[in-house]
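As structure tokens, the structure follows; a few thoughts come after it.
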Amino acid sequence: APMGAAPVASTPVAPVATAPRFFDRLEKLRGLPLQELLAVEAEDHYIRVHSLRGKELIYYRFRDALEELRPLDGLHVHRSVWVQRSRITRVEESGRSTWVVLESGDRLPVSFANRALVRAAAKPD
């Protein structure tokens, strides 16, 4: 192999999803590893990024963030909420209201239409 060329791996390696572009806007959470992302929540023209290190509000379109999050194993559980599936610790229900509880302890709303999806996703594989 030419100098500096990486050897071709013979065993298939799971593709590593690249960090969404909005990660570049993070200041408080700068350098956040993708696996520490818990959820993204829309707030007016901002998105609140939930992580194991805390939260940060950045100016960003939720629709753009959703597009960038597509390669990840996440769920769009509410019109304004996306969560990383593996970071849901439990699902809480009360009447017609449903929430996902994240590893951080934060509770985020689940739309009525997405309740079944979330119940299925929260069950251990």
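Here's how to read the names in the structure tokens: chain A, B, ... by the order shown, residue numbers from 1 in each chain, ligand numbers from 1 in the order shown.
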
Quiz item: What are the DSSP alpha helix (DSSP H) residues of chain A, as a ChimeraX atom specification?
Solution: /A:62-69,115-122

Go ahead and write the selection's residues with all heavy atoms as a CSV table (one decimal), in the first residue's frame.
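What landed in selection-v7.csv:
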```
chain,number,residue,atom,x,y,z
A,62,PHE,N,-35.5,23.7,13.8
A,62,PHE,CA,-35.7,22.3,14.2
A,62,PHE,C,-35.8,21.4,13.0
A,62,PHE,O,-35.3,20.3,13.0
A,62,PHE,CB,-37.0,22.3,15.1
A,62,PHE,CG,-37.3,20.9,15.7
A,62,PHE,CD1,-36.4,20.3,16.5
A,62,PHE,CD2,-38.5,20.2,15.4
A,62,PHE,CE1,-36.7,19.0,17.1
A,62,PHE,CE2,-38.7,19.0,15.9
A,62,PHE,CZ,-37.8,18.4,16.8
A,63,ARG,N,-36.5,21.9,12.0
A,63,ARG,CA,-36.6,21.0,10.8
A,63,ARG,C,-35.3,20.7,10.2
A,63,ARG,O,-35.1,19.5,9.8
A,63,ARG,CB,-37.4,21.8,9.7
A,63,ARG,CG,-38.0,20.9,8.6
A,63,ARG,CD,-39.0,21.7,7.7
A,63,ARG,NE,-38.3,22.7,7.0
A,63,ARG,CZ,-38.9,23.9,6.7
A,63,ARG,NH1,-40.1,24.2,7.2
A,63,ARG,NH2,-38.2,24.8,6.0
A,64,ASP,N,-34.3,21.6,10.2
A,64,ASP,CA,-32.9,21.3,9.7
A,64,ASP,C,-32.3,20.3,10.6
A,64,ASP,O,-31.6,19.4,10.2
A,64,ASP,CB,-32.1,22.6,9.6
A,64,ASP,CG,-32.6,23.5,8.5
A,64,ASP,OD1,-33.4,23.0,7.6
A,64,ASP,OD2,-32.3,24.7,8.5
A,65,ALA,N,-32.4,20.5,11.9
A,65,ALA,CA,-31.8,19.6,12.9
A,65,ALA,C,-32.4,18.2,12.7
A,65,ALA,O,-31.6,17.2,12.7
A,65,ALA,CB,-32.1,20.1,14.3
A,66,LEU,N,-33.7,18.1,12.5
A,66,LEU,CA,-34.3,16.7,12.3
A,66,LEU,C,-33.7,16.0,11.1
A,66,LEU,O,-33.4,14.8,11.1
A,66,LEU,CB,-35.8,16.9,12.0
A,66,LEU,CG,-36.7,17.0,13.2
A,66,LEU,CD1,-38.1,17.1,12.8
A,66,LEU,CD2,-36.5,15.8,14.2
A,67,GLU,N,-33.4,16.8,10.0
A,67,GLU,CA,-32.9,16.2,8.8
A,67,GLU,C,-31.5,15.7,9.1
A,67,GLU,O,-31.1,14.6,8.7
A,67,GLU,CB,-32.8,17.3,7.7
A,67,GLU,CG,-32.4,16.8,6.4
A,67,GLU,CD,-33.4,15.8,5.8
A,67,GLU,OE1,-34.6,15.9,6.0
A,67,GLU,OE2,-32.9,14.8,5.2
A,68,GLU,N,-30.7,16.5,9.9
A,68,GLU,CA,-29.3,16.1,10.2
A,68,GLU,C,-29.3,14.9,11.2
A,68,GLU,O,-28.3,14.2,11.3
A,68,GLU,CB,-28.6,17.3,10.9
A,68,GLU,CG,-28.4,18.4,9.8
A,68,GLU,CD,-28.0,19.7,10.5
A,68,GLU,OE1,-27.4,19.7,11.6
A,68,GLU,OE2,-28.2,20.8,9.9
A,69,LEU,N,-30.4,14.7,12.0
A,69,LEU,CA,-30.4,13.6,13.0
A,69,LEU,C,-30.9,12.3,12.4
A,69,LEU,O,-30.8,11.3,13.0
A,69,LEU,CB,-31.4,14.0,14.1
A,69,LEU,CG,-30.9,15.1,15.0
A,69,LEU,CD1,-32.0,15.7,15.8
A,69,LEU,CD2,-29.7,14.6,15.9
A,115,ARG,N,-47.7,7.7,20.7
A,115,ARG,CA,-47.6,6.8,21.9
A,115,ARG,C,-47.3,5.4,21.7
A,115,ARG,O,-46.4,4.9,22.3
A,115,ARG,CB,-49.0,6.9,22.7
A,115,ARG,CG,-49.3,8.2,23.3
A,115,ARG,CD,-50.1,8.1,24.5
A,115,ARG,NE,-51.3,7.3,24.3
A,115,ARG,CZ,-52.3,7.2,25.2
A,115,ARG,NH1,-52.2,7.9,26.3
A,115,ARG,NH2,-53.4,6.4,25.1
A,116,ALA,N,-47.9,4.8,20.7
A,116,ALA,CA,-47.6,3.4,20.4
A,116,ALA,C,-46.2,3.2,19.9
A,116,ALA,O,-45.5,2.2,20.4
A,116,ALA,CB,-48.6,2.8,19.3
A,117,LEU,N,-45.7,4.1,19.1
A,117,LEU,CA,-44.3,4.1,18.6
A,117,LEU,C,-43.4,4.1,19.8
A,117,LEU,O,-42.4,3.3,19.9
A,117,LEU,CB,-44.1,5.3,17.7
A,117,LEU,CG,-42.7,5.6,17.3
A,117,LEU,CD1,-42.3,4.6,16.1
A,117,LEU,CD2,-42.5,7.0,16.9
A,118,VAL,N,-43.6,5.0,20.7
A,118,VAL,CA,-42.7,5.1,21.9
A,118,VAL,C,-42.8,3.9,22.8
A,118,VAL,O,-41.8,3.5,23.3
A,118,VAL,CB,-43.0,6.5,22.6
A,118,VAL,CG1,-42.4,6.5,24.0
A,118,VAL,CG2,-42.6,7.6,21.8
A,119,ARG,N,-44.0,3.4,23.0
A,119,ARG,CA,-44.1,2.2,23.9
A,119,ARG,C,-43.3,1.1,23.3
A,119,ARG,O,-42.6,0.4,24.0
A,119,ARG,CB,-45.6,1.8,24.0
A,119,ARG,CG,-46.4,2.6,24.9
A,119,ARG,CD,-47.7,1.9,25.2
A,119,ARG,NE,-48.8,2.8,25.6
A,119,ARG,CZ,-49.9,3.1,24.9
A,119,ARG,NH1,-50.1,2.5,23.7
A,119,ARG,NH2,-50.7,3.9,25.4
A,120,ALA,N,-43.4,0.9,22.0
A,120,ALA,CA,-42.7,-0.2,21.3
A,120,ALA,C,-41.2,0.0,21.4
A,120,ALA,O,-40.4,-0.9,21.7
A,120,ALA,CB,-43.1,-0.3,19.9
A,121,ALA,N,-40.7,1.3,21.2
A,121,ALA,CA,-39.3,1.6,21.2
A,121,ALA,C,-38.7,1.5,22.6
A,121,ALA,O,-37.5,1.1,22.7
A,121,ALA,CB,-39.1,3.0,20.7
A,122,ALA,N,-39.5,1.7,23.6
A,122,ALA,CA,-38.9,1.7,25.0
A,122,ALA,C,-38.8,0.3,25.5
A,122,ALA,O,-38.1,0.1,26.5
A,122,ALA,CB,-39.8,2.5,25.9
```

Quiz item: Near A:Glu27, within 12 Å and counting only C-alpha atoms, which residues show up once chain neighbours fewer than 5 positions away are dropped, as a ChimeraX atom specification?
Solution: /A:22,32,49,54-59

Quiz prompt | Shell of 10 Å around A:Pro33, only C-alpha atoms, local chain residues under 2 positions omitted, as a PyMOL selection string | solution = chain A and resi 19+23+29-31+35-37+51-52

Exercise. Please provide the set of residues having any atom within 12 Å of A:Gly95, restricted to only C-alpha atoms, with same-chain residues fewer than 3 positions apart removed, written as a list of chain:residue names.
Key: A:Glu92, A:Thr98, A:Trp99, A:Phe112, A:Arg115

Practice problem: Output as a ChimeraX atom specification all residues of chain A that backbone DSSP marks as strand (DSSP E). | Solution: /A:37-43,46-51,54-59,74-78,81-84,88-94,97-102,107-110
